[in-house]
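Participant: So here's run.pdb, just PDB, C-alpha atoms and all ligand atoms:
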```pdb
ATOM      1  CA  MET A  29     -26.318 144.245  38.815
ATOM      2  CA  ILE A  30     -27.301 140.750  37.855
ATOM      3  CA  THR A  31     -30.780 139.821  36.774
ATOM      4  CA  THR A  32     -32.613 136.845  35.341
ATOM      5  CA  THR A  33     -35.492 136.882  32.893
ATOM      6  CA  THR A  34     -37.933 134.181  31.925
ATOM      7  CA  ASN A  35     -40.155 133.587  28.936
ATOM      8  CA  TYR A  36     -43.210 131.895  30.399
ATOM      9  CA  LYS A  37     -44.929 131.410  27.082
ATOM     10  CA  SER A  38     -42.129 129.363  25.579
ATOM     11  CA  LYS A  39     -41.901 127.393  28.829
ATOM     12  CA  ILE A  40     -45.507 126.321  28.511
ATOM     13  CA  ILE A  41     -44.858 125.286  24.916
ATOM     14  CA  GLU A  42     -41.743 123.352  25.952
ATOM     15  CA  TRP A  43     -43.608 121.703  28.793
ATOM     16  CA  SER A  44     -46.486 120.690  26.553
ATOM     17  CA  GLN A  45     -44.135 119.173  23.989
ATOM     18  CA  LYS A  46     -42.452 117.159  26.674
ATOM     19  CA  GLU A  47     -45.796 115.984  28.081
ATOM     20  CA  ASN A  48     -47.071 115.297  24.582
ATOM     21  CA  LYS A  49     -49.995 117.663  24.993
ATOM     22  CA  LYS A  50     -51.243 120.216  22.511
ATOM     23  CA  ALA A  51     -50.877 123.742  23.845
ATOM     24  CA  GLU A  52     -52.423 126.623  21.936
ATOM     25  CA  TYR A  53     -52.974 130.295  22.545
ATOM     26  CA  GLN A  54     -55.956 131.914  20.952
ATOM     27  CA  VAL A  55     -56.989 135.520  20.891
ATOM     28  CA  VAL A  56     -60.707 135.301  21.652
ATOM     29  CA  LYS A  57     -61.532 138.980  21.957
ATOM     30  CA  ILE A  58     -59.997 142.376  21.284
ATOM     31  CA  ASN A  59     -61.263 145.175  23.521
ATOM     32  CA  GLY A  60     -60.503 148.876  23.396
ATOM     33  CA  ASN A  61     -59.994 151.432  20.671
ATOM     34  CA  GLN A  62     -57.241 152.402  18.197
ATOM     35  CA  ARG A  63     -55.027 153.976  20.881
ATOM     36  CA  TYR A  64     -55.291 151.242  23.458
ATOM     37  CA  ARG A  65     -56.068 147.667  22.684
ATOM     38  CA  GLU A  66     -56.552 144.836  25.073
ATOM     39  CA  PHE A  67     -56.234 141.267  23.926
ATOM     40  CA  VAL A  68     -58.076 138.483  25.676
ATOM     41  CA  VAL A  69     -56.105 135.302  25.167
ATOM     42  CA  VAL A  70     -56.995 131.783  26.208
ATOM     43  CA  LEU A  71     -54.602 128.948  26.743
ATOM     44  CA  GLN A  72     -55.921 125.613  25.568
ATOM     45  CA  ILE A  73     -54.366 122.312  26.511
ATOM     46  CA  ASN A  74     -55.612 119.407  24.395
ATOM     47  CA  ASP A  75     -58.400 121.675  23.110
ATOM     48  CA  ALA A  76     -59.679 122.421  26.615
ATOM     49  CA  GLU A  77     -59.558 126.011  27.773
ATOM     50  CA  ILE A  78     -57.624 126.069  31.001
ATOM     51  CA  ALA A  79     -56.652 129.684  31.478
ATOM     52  CA  GLN A  80     -57.528 133.123  30.238
ATOM     53  CA  GLY A  81     -55.526 136.312  30.382
ATOM     54  CA  LYS A  82     -55.642 139.902  29.237
ATOM     55  CA  GLY A  83     -52.825 142.110  28.074
ATOM     56  CA  SER A  84     -51.870 145.020  25.861
ATOM     57  CA  THR A  85     -50.133 142.666  23.436
ATOM     58  CA  ARG A  86     -50.994 139.196  22.298
ATOM     59  CA  LYS A  87     -48.084 137.832  24.318
ATOM     60  CA  LYS A  88     -48.449 139.591  27.667
ATOM     61  CA  PRO A  89     -50.825 137.352  29.574
ATOM     62  CA  SER A  90     -48.540 134.355  29.559
ATOM     63  CA  LYS A  91     -47.061 134.796  33.050
ATOM     64  CA  LYS A  92     -50.564 134.726  34.394
ATOM     65  CA  HIS A  93     -51.248 131.695  32.254
ATOM     66  CA  LEU A  94     -48.431 129.733  33.788
ATOM     67  CA  LYS A  95     -49.671 130.485  37.289
ATOM     68  CA  MET A  96     -53.179 129.447  36.308
ATOM     69  CA  LEU A  97     -51.823 126.423  34.527
ATOM     70  CA  ALA A  98     -50.025 125.386  37.692
ATOM     71  CA  LYS A  99     -53.204 125.779  39.715
ATOM     72  CA  SER A 100     -55.395 123.977  37.233
ATOM     73  CA  SER A 101     -56.699 120.692  38.630
ATOM     74  CA  LYS A 102     -57.697 119.571  35.144
ATOM     75  CA  LEU A 103     -54.042 119.065  34.402
ATOM     76  CA  GLN A 104     -53.290 117.466  37.763
ATOM     77  CA  LEU A 105     -50.040 119.315  37.919
ATOM     78  CA  SER A 106     -48.162 118.155  40.960
ATOM     79  CA  GLN A 107     -45.654 120.347  42.754
ATOM     80  CA  LEU A 108     -43.028 118.204  41.091
ATOM     81  CA  ASN A 109     -44.333 118.984  37.633
ATOM     82  CA  LEU A 110     -44.311 122.655  38.407
ATOM     83  CA  ARG A 111     -40.789 122.368  39.664
ATOM     84  CA  GLN A 112     -39.807 120.596  36.453
ATOM     85  CA  ILE A 113     -41.228 123.433  34.409
ATOM     86  CA  THR A 114     -39.437 125.971  36.561
ATOM     87  CA  ASN A 115     -36.138 124.136  36.310
ATOM     88  CA  GLN A 116     -36.400 123.988  32.560
ATOM     89  CA  MET A 117     -37.118 127.674  32.188
ATOM     90  CA  SER A 118     -34.568 129.246  29.956
ATOM     91  CA  SER A 119     -32.967 132.119  31.723
ATOM     92  CA  ILE A 120     -30.137 134.428  30.925
ATOM     93  CA  LYS A 121     -27.774 136.034  33.368
ATOM     94  CA  ILE A 122     -27.213 139.668  32.449
ATOM     95  CA  ALA A 123     -24.783 142.075  34.060
ATOM     96  CA  GLY A 124     -24.040 145.748  33.567
ATOM     97  CA  ALA A 125     -20.539 147.154  34.053
ATOM     98  CA  THR A 126     -19.855 150.819  34.645
ATOM     99  CA  LEU A 127     -16.216 151.722  34.194
ATOM    100  CA  ASN A 128     -14.218 154.810  35.019
ATOM    101  CA  GLN A 129     -12.911 155.403  31.484
ATOM    102  CA  THR A 130     -10.611 158.247  30.430
ATOM    103  CA  PRO A 131     -10.238 159.452  26.835
ATOM    104  CA  LEU A 132      -6.777 158.639  25.423
ATOM    105  CA  ASP A 133      -5.929 156.208  28.233
ATOM    106  CA  TRP A 134      -6.200 153.355  25.730
ATOM    107  CA  LYS A 135      -4.270 150.894  27.861
ATOM    108  CA  GLY A 136      -6.141 151.637  31.094
ATOM    109  CA  ASN A 137      -9.523 151.641  29.372
ATOM    110  CA  GLN A 138      -8.805 148.294  27.747
ATOM    111  CA  GLU A 139      -7.584 146.784  31.023
ATOM    112  CA  ARG A 140     -10.744 147.869  32.840
ATOM    113  CA  ILE A 141     -12.918 146.350  30.117
ATOM    114  CA  ILE A 142     -11.017 143.051  30.162
ATOM    115  CA  ALA A 143     -11.133 142.926  33.976
ATOM    116  CA  ALA A 144     -14.927 143.401  33.841
ATOM    117  CA  ILE A 145     -15.263 140.645  31.222
ATOM    118  CA  ASN A 146     -13.203 138.264  33.338
ATOM    119  CA  GLU A 147     -15.170 139.069  36.480
ATOM    120  CA  ALA A 148     -18.435 138.512  34.618
ATOM    121  CA  LYS A 149     -17.185 135.185  33.257
ATOM    122  CA  SER A 150     -16.199 134.066  36.753
ATOM    123  CA  LYS A 151     -19.818 134.737  37.793
ATOM    124  CA  GLN A 152     -21.253 132.841  34.814
ATOM    125  CA  VAL A 153     -22.709 135.999  33.281
ATOM    126  CA  GLU A 154     -23.968 135.359  29.758
ATOM    127  CA  LEU A 155     -24.544 138.914  28.572
ATOM    128  CA  LEU A 156     -22.396 141.760  29.845
ATOM    129  CA  CYS A 157     -23.508 145.284  28.933
ATOM    130  CA  PHE A 158     -21.114 148.215  28.937
ATOM    131  CA  PRO A 159     -22.098 151.890  28.656
ATOM    132  CA  GLU A 160     -22.004 153.880  25.442
ATOM    133  CA  LEU A 161     -18.524 154.842  24.258
ATOM    134  CA  ALA A 162     -16.969 152.595  26.901
ATOM    135  CA  ILE A 163     -14.016 151.780  24.638
ATOM    136  CA  THR A 164     -12.934 155.422  24.358
ATOM    137  CA  GLY A 165     -14.607 157.140  27.320
ATOM    138  CA  TYR A 166     -17.643 159.363  26.785
ATOM    139  CA  GLY A 167     -15.982 162.766  27.015
ATOM    140  CA  ALA A 168     -13.543 162.623  24.098
ATOM    141  CA  GLU A 169     -15.071 165.780  22.603
ATOM    142  CA  ASP A 170     -13.732 166.712  19.141
ATOM    143  CA  LEU A 171     -11.351 163.770  19.028
ATOM    144  CA  PHE A 172     -14.442 161.892  17.798
ATOM    145  CA  LEU A 173     -14.267 164.014  14.641
ATOM    146  CA  SER A 174     -10.721 162.961  13.741
ATOM    147  CA  GLN A 175      -9.901 160.095  11.397
ATOM    148  CA  TRP A 176      -7.552 158.321  13.732
ATOM    149  CA  PHE A 177      -9.544 158.286  16.976
ATOM    150  CA  PRO A 178     -12.553 156.207  15.804
ATOM    151  CA  GLN A 179     -10.124 153.982  13.878
ATOM    152  CA  LYS A 180      -8.166 153.325  17.030
ATOM    153  CA  ALA A 181     -11.459 152.524  18.805
ATOM    154  CA  VAL A 182     -12.185 149.856  16.175
ATOM    155  CA  SER A 183      -8.780 148.278  16.617
ATOM    156  CA  GLN A 184      -9.298 148.269  20.399
ATOM    157  CA  LEU A 185     -12.616 146.496  19.772
ATOM    158  CA  SER A 186     -10.850 143.851  17.706
ATOM    159  CA  LEU A 187      -8.359 143.282  20.534
ATOM    160  CA  LEU A 188     -11.270 142.423  22.822
ATOM    161  CA  LEU A 189     -12.418 139.502  20.645
ATOM    162  CA  PRO A 190     -10.128 136.832  22.130
ATOM    163  CA  HIS A 191     -11.309 137.802  25.625
ATOM    164  CA  CYS A 192     -14.946 137.144  24.750
ATOM    165  CA  GLU A 193     -14.868 133.378  24.470
ATOM    166  CA  GLY A 194     -17.933 131.932  26.134
ATOM    167  CA  ILE A 195     -19.606 135.274  26.805
ATOM    168  CA  THR A 196     -21.613 137.909  24.958
ATOM    169  CA  ILE A 197     -20.822 141.565  25.456
ATOM    170  CA  ALA A 198     -22.439 144.765  24.240
ATOM    171  CA  ILE A 199     -19.981 147.642  24.208
ATOM    172  CA  GLY A 200     -20.029 151.214  22.952
ATOM    173  CA  LEU A 201     -17.558 152.826  20.551
ATOM    174  CA  PRO A 202     -17.473 155.555  17.904
ATOM    175  CA  ILE A 203     -17.320 154.341  14.302
ATOM    176  CA  ARG A 204     -16.478 156.466  11.296
ATOM    177  CA  ILE A 205     -17.807 155.480   7.872
ATOM    178  CA  GLY A 206     -16.676 158.023   5.300
ATOM    179  CA  GLU A 207     -17.601 161.455   6.567
ATOM    180  CA  LYS A 208     -20.057 160.168   9.151
ATOM    181  CA  ILE A 209     -19.331 159.177  12.708
ATOM    182  CA  TYR A 210     -21.758 156.990  14.629
ATOM    183  CA  ASN A 211     -22.114 156.412  18.353
ATOM    184  CA  THR A 212     -22.497 152.638  18.262
ATOM    185  CA  VAL A 213     -22.911 149.524  20.314
ATOM    186  CA  ALA A 214     -21.113 146.417  19.116
ATOM    187  CA  VAL A 215     -22.306 142.982  20.167
ATOM    188  CA  ILE A 216     -19.591 140.364  20.453
ATOM    189  CA  GLU A 217     -20.755 136.806  21.002
ATOM    190  CA  ASN A 218     -18.242 134.090  21.669
ATOM    191  CA  SER A 219     -15.385 136.145  20.161
ATOM    192  CA  LYS A 220     -17.302 137.071  16.997
ATOM    193  CA  ILE A 221     -18.817 140.428  16.121
ATOM    194  CA  LYS A 222     -22.532 139.745  15.617
ATOM    195  CA  GLY A 223     -23.612 143.259  14.785
ATOM    196  CA  ILE A 224     -23.079 146.951  15.359
ATOM    197  CA  VAL A 225     -25.961 149.369  15.813
ATOM    198  CA  ALA A 226     -25.794 153.168  15.915
ATOM    199  CA  LYS A 227     -27.530 155.347  18.498
ATOM    200  CA  GLN A 228     -30.768 156.840  17.192
ATOM    201  CA  PHE A 229     -31.692 159.270  19.925
ATOM    202  CA  MET A 230     -28.936 161.759  20.658
ATOM    203  CA  ALA A 231     -28.476 163.349  24.047
ATOM    204  CA  ILE A 232     -28.732 167.086  23.458
ATOM    205  CA  ASP A 233     -29.957 168.297  26.819
ATOM    206  CA  GLY A 234     -27.928 170.007  29.547
ATOM    207  CA  VAL A 235     -24.263 169.133  29.195
ATOM    208  CA  HIS A 236     -24.889 166.870  26.206
ATOM    209  CA  TYR A 237     -24.382 167.939  22.573
ATOM    210  CA  GLU A 238     -23.932 164.672  20.715
ATOM    211  CA  PHE A 239     -25.147 166.103  17.398
ATOM    212  CA  ARG A 240     -21.810 167.927  17.192
ATOM    213  CA  TRP A 241     -20.121 164.620  16.408
ATOM    214  CA  PHE A 242     -22.553 161.869  15.647
ATOM    215  CA  THR A 243     -24.915 160.960  12.809
ATOM    216  CA  LEU A 244     -28.180 159.263  13.778
ATOM    217  CA  GLY A 245     -28.486 155.539  13.223
ATOM    218  CA  SER A 246     -31.474 154.076  11.360
ATOM    219  CA  PRO A 247     -34.075 152.048  13.219
ATOM    220  CA  MET A 248     -33.513 148.279  13.176
ATOM    221  CA  ARG A 249     -30.383 148.645  11.055
ATOM    222  CA  SER A 250     -27.099 147.036  11.802
ATOM    223  CA  LEU A 251     -24.046 148.730  10.286
ATOM    224  CA  ASN A 252     -22.477 146.768   7.492
ATOM    225  CA  THR A 253     -19.347 145.327   9.024
ATOM    226  CA  ASN A 254     -17.705 143.823   5.932
ATOM    227  CA  TRP A 255     -15.361 146.792   5.785
ATOM    228  CA  MET A 256     -14.458 146.028   9.361
ATOM    229  CA  GLU A 257     -13.452 142.446   8.813
ATOM    230  CA  LYS A 258     -11.072 143.556   6.072
ATOM    231  CA  LYS A 259      -9.666 146.126   8.415
ATOM    232  CA  PHE A 260      -9.137 143.536  11.127
ATOM    233  CA  LEU A 261      -7.280 141.333   8.679
ATOM    234  CA  LEU A 262      -4.944 144.201   7.910
ATOM    235  CA  GLU A 263      -4.400 145.125  11.513
ATOM    236  CA  ILE A 264      -4.150 141.857  13.368
TER     237      ILE A 264
HETATM  238  N1  LIG B 301     -28.936 160.749  27.578
HETATM  239  C1  LIG B 301     -28.019 159.935  27.168
HETATM  240  O1  LIG B 301     -28.063 159.386  26.070
HETATM  241  C2  LIG B 301     -26.881 159.708  28.105
HETATM  242  C3  LIG B 301     -25.618 160.328  27.683
HETATM  243  C4  LIG B 301     -24.435 159.913  28.545
HETATM  244  N2  LIG B 301     -24.174 158.491  28.384
HETATM  245  C5  LIG B 301     -24.675 160.197  30.018
HETATM  246  O2  LIG B 301     -24.942 159.258  30.769
HETATM  247  O3  LIG B 301     -24.558 161.310  30.432
END
```
Please, can you express the file's structure as structure tokens?

Facilitator:
Amino acid sequence: MITTTTNYKSKIIEWSQKENKKAEYQVVKINGNQRYREFVVVLQINDAEIAQGKGSTRKKPSKKHLKMLAKSSKLQLSQLNLRQITNQMSSIKIAGATLNQTPLDWKGNQERIIAAINEAKSKQVELLCFPELAITGYGAEDLFLSQWFPQKAVSQLSLLLPHCEGITIAIGLPIRIGEKIYNTVAVIENSKIKGIVAKQFMAIDGVHYEFRWFTLGSPMRSLNTNWMEKKFLLEI
């Protein structure tokens, strides 16, 4: 699955800077009540209101704005101008990889991950997302509770670093810190670990019983990875 996303608001800002025009968004009205709020936002170019939009956040109406901006005769936007804006839109190519991982098949698991990274690179993917616990396989059961198994997962993660030049990946692995084990996603960007975040909402329905092994992560918290760098130095 490959998909492309666009931030229209920043595109309008970029366009206006290039054209040397002042672009401003202003919230002119807030409708609704405490549970649902609707923001009415106007886009002004050189102090003239050229488009208005409504949305549930202050940012939402911007896609509409761009369309209205394109249509606006006040700006005399030619097709060419619109095309220029479109061409300049920052986009990111994202892919998801699902792999047939098997607990304890360290070599096979690693090979499948590396093959997916290489395939993504060949397709100019910028962000490749793997499933949770992709490094070990999801169904490792009480091996997650051991000392050695999450440690091995970390060393497998470190072996992926050289394969991540020129790409960003998000990949799941268990991490033990003291007595606690976390079900985490590590983000590697251009061969560097940028952060590791632990799952906050455990699966405990049906066949899932993640509370047996994992401690909940805190919202908006990245695990401190200093300990990890030291570990890598020892292991590599
Ligand atoms: N509910 C979840 O968090 C999903 C658990 C597990 N990854 C599954 O797909 O079965």

Participant: Have a look at A:Thr126, A:Thr196, A:Asn74, A:Ser219 and name the one nearest to A:Leu161; count all atoms listed in the file.

Facilitator: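 Looking at the shortest contact to A:Leu161, the residue is A:Thr126.
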
Participant: Skip stretch 53-59 of chain A itself and residues of its chain fewer than 3 positions away, then list as a list in words all residues within 7 Å of it, counting all atoms listed in the file.

Facilitator: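 So the residues in contact are Arg65, Glu66, Phe67, Val68, Val69, Val70, Leu71 and Gln72 of chain A.
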
Participant: How many Å separate atom CA of A:Lys149 from atom CA of A:Cys192?

Facilitator: 9.0 Å

Participant: Applying the PyMOL selection byres (((chain A and resi 177-184) around 7) and not hetatm) to the file I just gave you, which residues come out? Please list them as a PDB file with C-alpha atoms, in the frame of the given file.

Facilitator:
```pdb
ATOM      1  CA  ILE A 163     -14.016 151.780  24.638  1.00  0.00           C
ATOM      2  CA  THR A 164     -12.934 155.422  24.358  1.00  0.00           C
ATOM      3  CA  LEU A 171     -11.351 163.770  19.028  1.00  0.00           C
ATOM      4  CA  PHE A 172     -14.442 161.892  17.798  1.00  0.00           C
ATOM      5  CA  SER A 174     -10.721 162.961  13.741  1.00  0.00           C
ATOM      6  CA  GLN A 175      -9.901 160.095  11.397  1.00  0.00           C
ATOM      7  CA  TRP A 176      -7.552 158.321  13.732  1.00  0.00           C
ATOM      8  CA  LEU A 185     -12.616 146.496  19.772  1.00  0.00           C
ATOM      9  CA  SER A 186     -10.850 143.851  17.706  1.00  0.00           C
ATOM     10  CA  LEU A 187      -8.359 143.282  20.534  1.00  0.00           C
ATOM     11  CA  LEU A 188     -11.270 142.423  22.822  1.00  0.00           C
ATOM     12  CA  LEU A 201     -17.558 152.826  20.551  1.00  0.00           C
ATOM     13  CA  PRO A 202     -17.473 155.555  17.904  1.00  0.00           C
ATOM     14  CA  ILE A 203     -17.320 154.341  14.302  1.00  0.00           C
ATOM     15  CA  ARG A 204     -16.478 156.466  11.296  1.00  0.00           C
TER      16      ARG A 204
END
```

Participant: Output the neighbourhood of ligand LIG 301 (chain B) as a list in words, that is, all protein and nucleic acid residues with some atom at most 9 Å from the ligand, counting all atoms listed in the file.

Facilitator: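 Answer in the requested format: Pro159, Glu160, Leu161, Tyr166, Lys227, Phe229, Met230, Ala231, Ile232, Asp233, Val235, His236 and Glu238 of chain A.
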
Participant: I'd like to know which of A:Ile199, A:Met248, A:Ala148, A:Ile141 is closest to A:Leu127, using only C-alpha atoms.

Facilitator: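 Closest to A:Leu127 of all the choices is A:Ile141.
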
Participant: Can we get stretch 66-80 of chain A of that structure written down with N, CA and C atoms, as a PDB file, in the first residue's frame?

Facilitator:
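Result went into result.pdb, see below:
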```
ATOM      1  N   GLU A  66     -16.994  24.553  15.962  1.00  0.00           N
ATOM      2  CA  GLU A  66     -16.738  24.734  14.538  1.00  0.00           C
ATOM      3  C   GLU A  66     -16.051  26.085  14.349  1.00  0.00           C
ATOM      4  N   PHE A  67     -14.915  26.035  13.685  1.00  0.00           N
ATOM      5  CA  PHE A  67     -14.161  27.264  13.479  1.00  0.00           C
ATOM      6  C   PHE A  67     -14.414  27.787  12.067  1.00  0.00           C
ATOM      7  N   VAL A  68     -14.720  29.056  11.985  1.00  0.00           N
ATOM      8  CA  VAL A  68     -14.835  29.675  10.663  1.00  0.00           C
ATOM      9  C   VAL A  68     -13.527  30.439  10.442  1.00  0.00           C
ATOM     10  N   VAL A  69     -12.836  30.047   9.386  1.00  0.00           N
ATOM     11  CA  VAL A  69     -11.513  30.619   9.136  1.00  0.00           C
ATOM     12  C   VAL A  69     -11.518  31.314   7.783  1.00  0.00           C
ATOM     13  N   VAL A  70     -10.925  32.498   7.728  1.00  0.00           N
ATOM     14  CA  VAL A  70     -10.797  33.131   6.409  1.00  0.00           C
ATOM     15  C   VAL A  70      -9.326  33.176   6.008  1.00  0.00           C
ATOM     16  N   LEU A  71      -9.138  33.056   4.720  1.00  0.00           N
ATOM     17  CA  LEU A  71      -7.792  33.191   4.171  1.00  0.00           C
ATOM     18  C   LEU A  71      -7.703  34.570   3.546  1.00  0.00           C
ATOM     19  N   GLN A  72      -6.722  35.331   3.989  1.00  0.00           N
ATOM     20  CA  GLN A  72      -6.534  36.669   3.420  1.00  0.00           C
ATOM     21  C   GLN A  72      -5.218  36.705   2.650  1.00  0.00           C
ATOM     22  N   ILE A  73      -5.303  37.222   1.443  1.00  0.00           N
ATOM     23  CA  ILE A  73      -4.082  37.444   0.664  1.00  0.00           C
ATOM     24  C   ILE A  73      -3.946  38.955   0.511  1.00  0.00           C
ATOM     25  N   ASN A  74      -2.806  39.474   0.920  1.00  0.00           N
ATOM     26  CA  ASN A  74      -2.588  40.932   0.922  1.00  0.00           C
ATOM     27  C   ASN A  74      -3.791  41.672   1.528  1.00  0.00           C
ATOM     28  N   ASP A  75      -4.189  41.186   2.703  1.00  0.00           N
ATOM     29  CA  ASP A  75      -5.269  41.776   3.504  1.00  0.00           C
ATOM     30  C   ASP A  75      -6.659  41.675   2.876  1.00  0.00           C
ATOM     31  N   ALA A  76      -6.781  41.041   1.725  1.00  0.00           N
ATOM     32  CA  ALA A  76      -8.111  40.878   1.138  1.00  0.00           C
ATOM     33  C   ALA A  76      -8.596  39.458   1.407  1.00  0.00           C
ATOM     34  N   GLU A  77      -9.832  39.373   1.893  1.00  0.00           N
ATOM     35  CA  GLU A  77     -10.378  38.039   2.158  1.00  0.00           C
ATOM     36  C   GLU A  77     -10.685  37.366   0.833  1.00  0.00           C
ATOM     37  N   ILE A  78     -10.095  36.190   0.625  1.00  0.00           N
ATOM     38  CA  ILE A  78     -10.369  35.546  -0.662  1.00  0.00           C
ATOM     39  C   ILE A  78     -11.056  34.192  -0.505  1.00  0.00           C
ATOM     40  N   ALA A  79     -11.056  33.662   0.680  1.00  0.00           N
ATOM     41  CA  ALA A  79     -11.727  32.370   0.855  1.00  0.00           C
ATOM     42  C   ALA A  79     -12.112  32.194   2.308  1.00  0.00           C
ATOM     43  N   GLN A  80     -13.170  31.429   2.502  1.00  0.00           N
ATOM     44  CA  GLN A  80     -13.621  31.159   3.868  1.00  0.00           C
ATOM     45  C   GLN A  80     -13.882  29.670   3.993  1.00  0.00           C
TER      46      GLN A  80
END
```
